[in-house]
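For reference, start-v8.cif is printed below; it contains mmCIF, C-alpha atoms.
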data_entry
loop_
_atom_site.label_atom_id
_atom_site.label_comp_id
_atom_site.auth_asym_id
_atom_site.auth_seq_id
_atom_site.Cartn_x
_atom_site.Cartn_y
_atom_site.Cartn_z
CA MET P 298 -5.30 12.47 -2.25
CA THR P 299 -7.17 15.59 -3.26
CA MET P 300 -10.38 15.39 -1.25
CA LYS P 301 -11.02 18.47 0.89
CA THR P 302 -12.33 16.30 3.71
CA ALA P 303 -9.10 14.32 4.07
CA LEU P 304 -7.58 14.02 7.53
CA SER P 305 -4.19 15.51 8.27
CA LEU P 306 -1.27 13.12 7.90
CA ASP P 307 -0.90 12.83 11.68
CA ASP P 308 -4.60 12.04 12.12
CA ARG P 309 -4.54 9.49 9.30
CA CYS P 310 -1.53 7.85 10.97
CA LYS P 311 -3.36 7.66 14.32
CA ALA P 312 -6.52 6.30 12.70
CA TYR P 313 -4.72 3.53 10.82
CA ASP P 314 -5.04 0.68 13.34
CA ARG P 315 -8.80 1.12 13.78
CA MET P 316 -9.34 1.54 10.04
CA ALA P 317 -7.28 -1.56 9.27
CA ASP P 318 -9.48 -3.55 11.67
CA ALA P 319 -12.58 -2.05 10.03
CA LEU P 320 -11.37 -3.18 6.61
CA VAL P 321 -10.97 -6.72 7.92
CA TYR P 322 -14.50 -6.65 9.36
CA LEU P 323 -16.02 -5.30 6.14
CA GLY P 324 -14.05 -7.80 4.08
CA GLU P 325 -15.44 -10.67 6.10
CA ASN P 326 -19.03 -9.43 6.32
CA TRP P 327 -19.81 -7.42 3.19
CA LYS P 328 -22.06 -10.08 1.68
CA ALA P 329 -24.41 -9.66 4.66
CA ARG P 330 -24.60 -5.93 3.84
CA PRO P 331 -24.26 -4.76 7.49
CA GLY P 332 -25.73 -1.34 8.15
CA LEU P 333 -23.74 1.62 9.44
CA ASP P 334 -25.13 1.21 12.98
CA GLU P 335 -24.02 -2.42 13.09
CA ILE P 336 -20.56 -1.66 11.73
CA ALA P 337 -19.94 1.29 14.06
CA ALA P 338 -20.99 -0.76 17.09
CA GLN P 339 -18.17 -3.20 16.35
CA PHE P 340 -15.69 -0.41 17.07
CA GLY P 341 -17.44 1.33 19.94
CA LEU P 342 -18.21 4.46 17.92
CA SER P 343 -21.36 6.30 16.99
CA PRO P 344 -22.46 5.77 13.38
CA THR P 345 -21.74 9.43 12.60
CA HIS P 346 -18.23 9.29 14.07
CA PHE P 347 -17.36 6.02 12.33
CA GLN P 348 -18.71 7.18 8.96
CA LYS P 349 -16.76 10.41 9.17
CA GLU P 350 -13.48 8.83 10.26
CA PHE P 351 -13.62 5.99 7.73
CA THR P 352 -14.57 8.26 4.83
CA ARG P 353 -11.92 10.84 5.62
CA TRP P 354 -9.23 8.17 6.01
CA ALA P 355 -10.11 5.98 3.03
CA GLY P 356 -11.66 8.55 0.69
CA ILE P 357 -14.80 6.44 0.30
CA SER P 358 -17.65 5.52 2.63
CA PRO P 359 -18.02 2.06 4.19
CA LYS P 360 -20.91 1.41 1.79
CA GLN P 361 -18.78 2.35 -1.21
CA TYR P 362 -15.97 0.12 0.03
CA MET P 363 -18.32 -2.85 0.30
CA ALA P 364 -19.49 -2.11 -3.23
CA SER P 365 -15.87 -2.21 -4.43
CA LEU P 366 -15.47 -5.64 -2.80
CA ALA P 367 -18.59 -6.81 -4.64
CA HIS P 368 -17.15 -5.50 -7.89
CA ALA P 369 -13.88 -7.33 -7.29
CA GLU P 370 -15.68 -10.59 -6.58
CA ALA P 371 -17.73 -10.21 -9.75
CA GLY P 372 -14.49 -9.88 -11.72
CA ALA P 373 -13.07 -12.99 -10.05
CA LEU P 374 -16.22 -14.98 -10.87
CA LEU P 375 -16.06 -13.93 -14.52
CA ARG P 376 -12.39 -14.95 -14.73
CA GLN P 377 -13.44 -18.34 -13.38
CA GLY P 378 -15.92 -18.74 -16.24
CA ALA P 379 -19.19 -17.47 -14.80
CA SER P 380 -21.45 -15.60 -17.20
CA VAL P 381 -22.19 -11.93 -16.68
CA LEU P 382 -25.75 -12.81 -15.69
CA GLU P 383 -24.57 -15.35 -13.12
CA ALA P 384 -22.13 -12.82 -11.71
CA SER P 385 -24.82 -10.18 -11.41
CA TYR P 386 -26.94 -12.56 -9.33
CA GLU P 387 -24.00 -13.34 -7.07
CA VAL P 388 -22.87 -9.76 -6.33
CA GLU P 389 -23.87 -6.19 -7.04
CA ALA P 390 -20.99 -4.99 -9.19
CA SER P 391 -20.21 -1.29 -9.30
CA GLY P 392 -19.44 0.52 -12.54
CA PRO P 393 -15.99 1.35 -13.94
CA SER P 394 -14.23 4.53 -12.95
CA ARG P 395 -11.26 6.58 -14.01
CA LEU P 396 -8.00 5.72 -12.23
CA HIS P 397 -5.92 8.06 -10.14
CA ASP P 398 -2.12 7.93 -10.53
CA LEU P 399 0.49 8.72 -7.94
CA PHE P 400 3.17 11.11 -9.07
CA ILE P 401 6.62 9.46 -9.15
CA ALA P 402 9.01 12.09 -10.44
CA HIS P 403 11.91 9.94 -11.61
CA GLU P 404 14.65 7.59 -10.51
CA ALA P 405 17.39 9.99 -9.40
CA LEU P 406 20.39 7.69 -9.90
CA THR P 407 22.45 6.57 -12.86
CA PRO P 408 22.61 2.80 -13.49
CA GLY P 409 26.16 2.76 -12.09
CA GLU P 410 25.10 4.51 -8.91
CA ALA P 411 22.05 2.31 -8.57
CA GLY P 412 24.14 -0.85 -8.80
CA SER P 413 26.59 0.28 -6.13
CA GLY P 414 24.41 -0.86 -3.26
CA GLY P 415 24.80 2.54 -1.62
CA ARG P 416 28.59 2.65 -1.53
CA ASP P 417 29.91 6.07 -0.41
CA VAL P 418 26.35 7.30 0.13
CA THR P 419 25.02 8.96 3.28
CA LEU P 420 21.38 8.18 4.02
CA THR P 421 19.09 9.49 6.74
CA ILE P 422 16.78 7.07 8.52
CA GLY P 423 13.97 7.96 10.89
CA LYS P 424 10.33 7.46 11.71
CA GLY P 425 7.43 9.66 10.70
CA PRO P 426 3.66 9.61 10.16
CA THR P 427 2.08 7.93 7.15
CA PRO P 428 -1.53 7.08 6.26
CA PHE P 429 -0.68 3.48 7.18
CA GLY P 430 0.67 4.03 10.67
CA THR P 431 4.15 5.06 11.74
CA GLY P 432 6.64 4.67 8.92
CA VAL P 433 10.40 4.20 8.74
CA LEU P 434 11.87 6.40 6.02
CA LEU P 435 15.30 6.11 4.43
CA PHE P 436 16.32 8.98 2.16
CA SER P 437 18.97 11.40 0.94
CA ASP P 438 19.00 14.61 -1.06
CA ARG P 439 18.72 12.36 -4.13
CA GLY P 440 15.33 11.01 -3.10
CA LEU P 441 13.50 8.25 -1.22
CA SER P 442 15.43 4.98 -0.88
CA GLY P 443 13.31 3.10 1.62
CA LEU P 444 9.89 3.13 3.26
CA GLY P 445 8.70 0.55 5.76
CA PHE P 446 6.31 0.47 8.68
CA ILE P 447 6.27 -0.09 12.43
CA ASP P 448 3.74 -2.28 14.25
CA ASP P 449 3.52 -2.63 18.02
CA GLN P 450 1.91 -6.06 17.83
CA PRO P 451 4.12 -9.13 18.33
CA GLU P 452 5.43 -10.70 15.15
CA THR P 453 3.64 -13.93 16.04
CA ALA P 454 0.23 -12.22 15.92
CA GLY P 455 -2.13 -12.37 12.95
CA ARG P 456 -4.15 -14.96 11.12
CA ALA P 457 -2.74 -18.32 10.17
CA GLY P 458 -0.55 -18.07 7.09
CA GLU P 459 -0.55 -14.27 7.02
CA HIS P 460 2.53 -12.12 7.29
CA VAL P 461 2.31 -9.53 10.04
CA GLY P 462 4.18 -6.33 10.81
CA ARG P 463 7.48 -5.61 12.54
CA PRO P 464 8.18 -3.76 15.80
CA GLU P 465 10.30 -0.60 15.67
CA GLN P 466 13.75 -2.11 16.17
CA ALA P 467 13.13 -4.82 13.59
CA ALA P 468 11.67 -2.34 11.07
CA PHE P 469 14.73 -0.07 11.35
CA ALA P 470 17.12 -3.01 11.07
CA ASP P 471 15.22 -4.36 8.05
CA LEU P 472 15.53 -1.16 6.02
CA ALA P 473 19.12 -0.44 7.06
CA SER P 474 20.15 -3.96 6.03
CA ARG P 475 19.12 -3.20 2.44
CA TYR P 476 22.07 -0.78 2.17
CA PRO P 477 25.02 -2.32 4.04
CA LYS P 478 27.55 -0.19 2.12
CA ALA P 479 25.91 3.15 2.98
CA ASP P 480 26.56 5.44 5.94
CA ILE P 481 23.17 5.66 7.67
CA LEU P 482 22.36 8.38 10.22
CA ARG P 483 19.20 8.50 12.31
CA ASP P 484 17.16 11.70 12.47
CA ASP P 485 13.47 11.38 13.35
CA THR P 486 12.85 15.13 12.99
CA LYS P 487 14.10 15.20 9.40
CA ALA P 488 12.15 12.01 8.66
CA ALA P 489 8.88 13.50 9.88
CA VAL P 490 9.42 16.59 7.72
CA PHE P 491 10.26 14.38 4.74
CA ALA P 492 7.11 12.31 5.34
CA ASP P 493 4.95 15.45 5.32
CA ARG P 494 6.49 16.41 2.00
CA ILE P 495 6.10 13.13 0.14
CA PHE P 496 2.59 12.41 1.42
CA ALA P 497 1.32 15.91 0.62
CA PRO P 498 -1.52 16.01 -1.97
CA GLY P 499 -0.06 15.99 -5.48
CA ALA P 500 3.52 15.58 -4.23
CA ARG P 501 6.15 14.48 -6.73
CA VAL P 502 8.34 11.84 -5.13
CA PRO P 503 11.91 11.40 -6.43
CA LEU P 504 13.21 7.86 -5.98
CA ALA P 505 16.80 6.80 -5.37
CA LEU P 506 16.64 3.07 -6.11
CA TYR P 507 19.65 0.91 -5.33
CA GLY P 508 19.50 -2.65 -6.60
CA THR P 509 20.44 -5.10 -9.32
CA PRO P 510 19.30 -4.33 -12.87
CA PHE P 511 16.79 -7.21 -12.72
CA ARG P 512 15.23 -5.97 -9.51
CA ARG P 513 14.99 -2.38 -10.72
CA GLN P 514 13.34 -3.67 -13.90
CA ILE P 515 10.70 -5.48 -11.83
CA TRP P 516 10.19 -2.43 -9.59
CA ARG P 517 9.58 -0.26 -12.66
CA ALA P 518 7.04 -2.82 -13.89
CA LEU P 519 5.20 -2.46 -10.57
CA LEU P 520 4.96 1.29 -11.19
CA GLU P 521 3.09 0.55 -14.42
CA ILE P 522 0.21 -1.26 -12.66
CA PRO P 523 -2.71 1.19 -12.60
CA VAL P 524 -4.14 2.31 -9.28
CA GLY P 525 -7.03 0.08 -8.29
CA GLU P 526 -5.73 -2.93 -10.22
CA THR P 527 -3.60 -5.93 -9.28
CA ARG P 528 -1.32 -8.31 -11.16
CA THR P 529 0.06 -11.76 -10.47
CA TYR P 530 3.81 -12.24 -10.23
CA GLY P 531 3.70 -13.94 -13.61
CA GLU P 532 1.96 -10.95 -15.17
CA VAL P 533 4.52 -8.58 -13.63
CA ALA P 534 7.30 -10.75 -15.07
CA ARG P 535 5.77 -10.58 -18.55
CA SER P 536 5.33 -6.82 -18.27
CA ALA P 537 9.03 -6.53 -17.44
CA GLY P 538 10.00 -8.70 -20.41
CA ARG P 539 10.94 -11.58 -18.10
CA GLU P 540 8.28 -14.17 -18.95
CA GLY P 541 8.99 -17.45 -17.20
CA ALA P 542 10.66 -15.74 -14.25
CA ALA P 543 7.64 -15.60 -11.96
CA ARG P 544 9.51 -17.05 -8.97
CA ALA P 545 12.43 -14.63 -9.32
CA THR P 546 9.92 -11.83 -9.84
CA GLY P 547 8.21 -12.73 -6.58
CA THR P 548 11.57 -12.47 -4.82
CA ALA P 549 12.25 -9.08 -6.42
CA VAL P 550 8.78 -7.83 -5.45
CA GLY P 551 9.41 -8.92 -1.87
CA ALA P 552 12.75 -7.10 -1.90
CA ASN P 553 11.16 -3.80 -2.95
CA PRO P 554 12.56 -1.25 -0.46
CA ILE P 555 9.99 1.50 -1.10
CA SER P 556 6.52 0.47 -0.02
CA TRP P 557 3.38 2.22 -1.30
CA PHE P 558 5.17 4.46 -3.83
CA ILE P 559 6.54 1.41 -5.65
CA PRO P 560 3.27 -0.51 -5.38
CA CYS P 561 4.29 -4.06 -4.56
CA HIS P 562 0.95 -4.27 -2.73
CA ARG P 563 -0.65 -4.55 -6.19
CA ALA P 564 1.21 -7.82 -6.86
CA LEU P 565 -0.57 -11.03 -5.88
CA ALA P 566 0.25 -14.71 -5.94
CA SER P 567 -1.45 -16.74 -8.66
CA ASP P 568 -4.29 -17.70 -6.31
CA GLY P 569 -5.15 -14.02 -5.75
CA ARG P 570 -4.69 -14.05 -1.97
CA LEU P 571 -3.17 -11.13 -0.07
CA HIS P 572 -0.61 -13.25 1.77
CA ASN P 573 3.14 -12.64 1.97
CA TYR P 574 3.20 -8.85 2.13
CA HIS P 575 6.47 -7.82 3.78
CA TRP P 576 4.90 -5.23 6.12
CA GLY P 577 1.77 -7.16 7.06
CA VAL P 578 -1.31 -8.37 5.20
CA ARG P 579 -3.66 -5.95 6.98
CA ARG P 580 -1.53 -3.06 5.70
CA LYS P 581 -1.68 -4.39 2.14
CA ARG P 582 -5.46 -4.58 2.46
CA ALA P 583 -5.51 -0.99 3.74
CA MET P 584 -3.39 0.22 0.81
CA LEU P 585 -5.67 -1.40 -1.75
CA ALA P 586 -8.70 0.06 0.03
CA MET P 587 -7.24 3.55 0.00
CA GLU P 588 -6.57 3.21 -3.72
CA ALA P 589 -10.22 2.31 -4.18
CA GLY P 590 -10.89 5.69 -2.54
CA TYR P 591 -8.65 7.46 -5.05
CA ARG P 592 -10.46 5.71 -7.89
CA GLU P 593 -13.88 6.58 -6.53
CA ALA P 594 -12.91 10.24 -5.93
CA GLU P 595 -11.59 10.57 -9.49
CA ALA P 596 -14.56 8.85 -11.13
CA PRO P 597 -16.74 11.02 -13.40
CA SER P 598 -19.98 12.03 -11.68
#
Represent the structure of the file as C-alpha cells.
Amino acid sequence: MTMKTALSLDDRCKAYDRMADALVYLGENWKARPGLDEIAAQFGLSPTHFQKEFTRWAGISPKQYMASLAHAEAGALLRQGASVLEASYEVEASGPSRLHDLFIAHEALTPGEAGSGGRDVTLTIGKGPTPFGTGVLLFSDRGLSGLGFIDDQPETAGRAGEHVGRPEQAAFADLASRYPKADILRDDTKAAVFADRIFAPGARVPLALYGTPFRRQIWRALLEIPVGETRTYGEVARSAGREGAARATGTAVGANPISWFIPCHRALASDGRLHNYHWGVRRKRAMLAMEAGYREAEAPS
C-alpha cells in the first residue's frame, strides 16, 4: 500500500474490528446510498473521524467503496444475462482501473523440501499486527510458511451459514497442525518484527510452501488471480490445468496456509457467496475491500 495517508501497521490492526463492521453495514445498505453522517452515526463517530479512519485503513473512501459494490453488482447482472442498459438502470457502475499487484518474491524451497511436510525444519510461530487484526505468523529464514488470524469472538458467533474466526489458542493450534513434522518455537517478539517487514509498503515476501504437488499447484494458481478480481473454484482448477477437479481444488484452497499473500480470499463458490473462508467471512470481505483500495489508488487519474 503506497498511499501517504495510510495508517501505521499497529493502527490498522487496532482499527480492523470497527472497519470490518463498517464493511458489513455498507454492504447491506449501499443501495440506499447512506450519507457520511448516517454511516458515522452507526459507529458513534463524527463524520470527519469516520471518513479519515475508513479511508486511511481501506485506501478508499466509504463513497468509493459503495461505488465498487455497485460496479460488482453490475458485473453480476451482466453475467446473468442483463443488457448493459438494464444494468446501468439497476446500479451506478464505476469505470475500470489498473490493478495493483502484491510482490511475492519466490517460493524458497525445492520440490523435495516442499513435499517433506516440514521434516527437520525449525519454524518460529508468534503473533503480530496485521491490517486484518492480530495475526499468527509461522516462518523461518527461508520465508513465510503460515499466516492466520486471531478473533476474540466465540466461534459460534456470526451470521447463519458463515464461517467465523478462531480465538488465540485455536489459531495457534491450527497453523502448527499444518506442519506436524517441524520443530516449532514460539517467539512473539520475532513475529511482530517479521510482520512489520512483510506488511511494509512494497515489501517482497519470500514464501516457504510445504504441501503436496497438487496443493502447491492450486496455490500458485491463486497467485495468478489479479488484485480486485475473483474466481470460482472451477476457474481456479482450469487455470491450474486441473479442469474437472473443482471439489479437490476447493479443499486445496481451504488448506492454503498463507492467508492474504496467497489470495484464497479471491476464490468463491460457484454461487459467488463469501462463505467458507477459513479465518472468517468478515475478514474475507475486509481483504477484498482493501484490494479495491489498492485498485482505486493505482487507477489513472
Problem - Non-local contacts of region 478-486 of chain P (8 Å; all atoms listed in the file; under 2 positions in same chain excluded) as a PyMOL selection string - result: chain P and resi 414-425+473+476+488-490
Problem - Output of the PyMOL selection byres ((chain P and resi 545) around 10), listed as a count of residues only - result: 17
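Distance annotation: of P:Leu323, P:Val461, P:Val433, P:Ala367, the residue with the minimal separation from Lys487 (chain P) is P:Val433; atom set is all atoms listed in the file.
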Problem - Among listed residues P:Phe496, P:Phe351, P:Trp557, P:Tyr313, nearest Leu333 (chain P) (using all atoms listed in the file) - result: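 Closest candidate: P:Phe351.
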Practice task
Return the single residue from P:Arg579, P:Gly508, P:Pro503, P:Ser536 that is closest to Tyr322 (chain P), with distances computed using all atoms listed in the file.
Solution key: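 With all atoms listed in the file as the atom set, the closest residue is P:Arg579.
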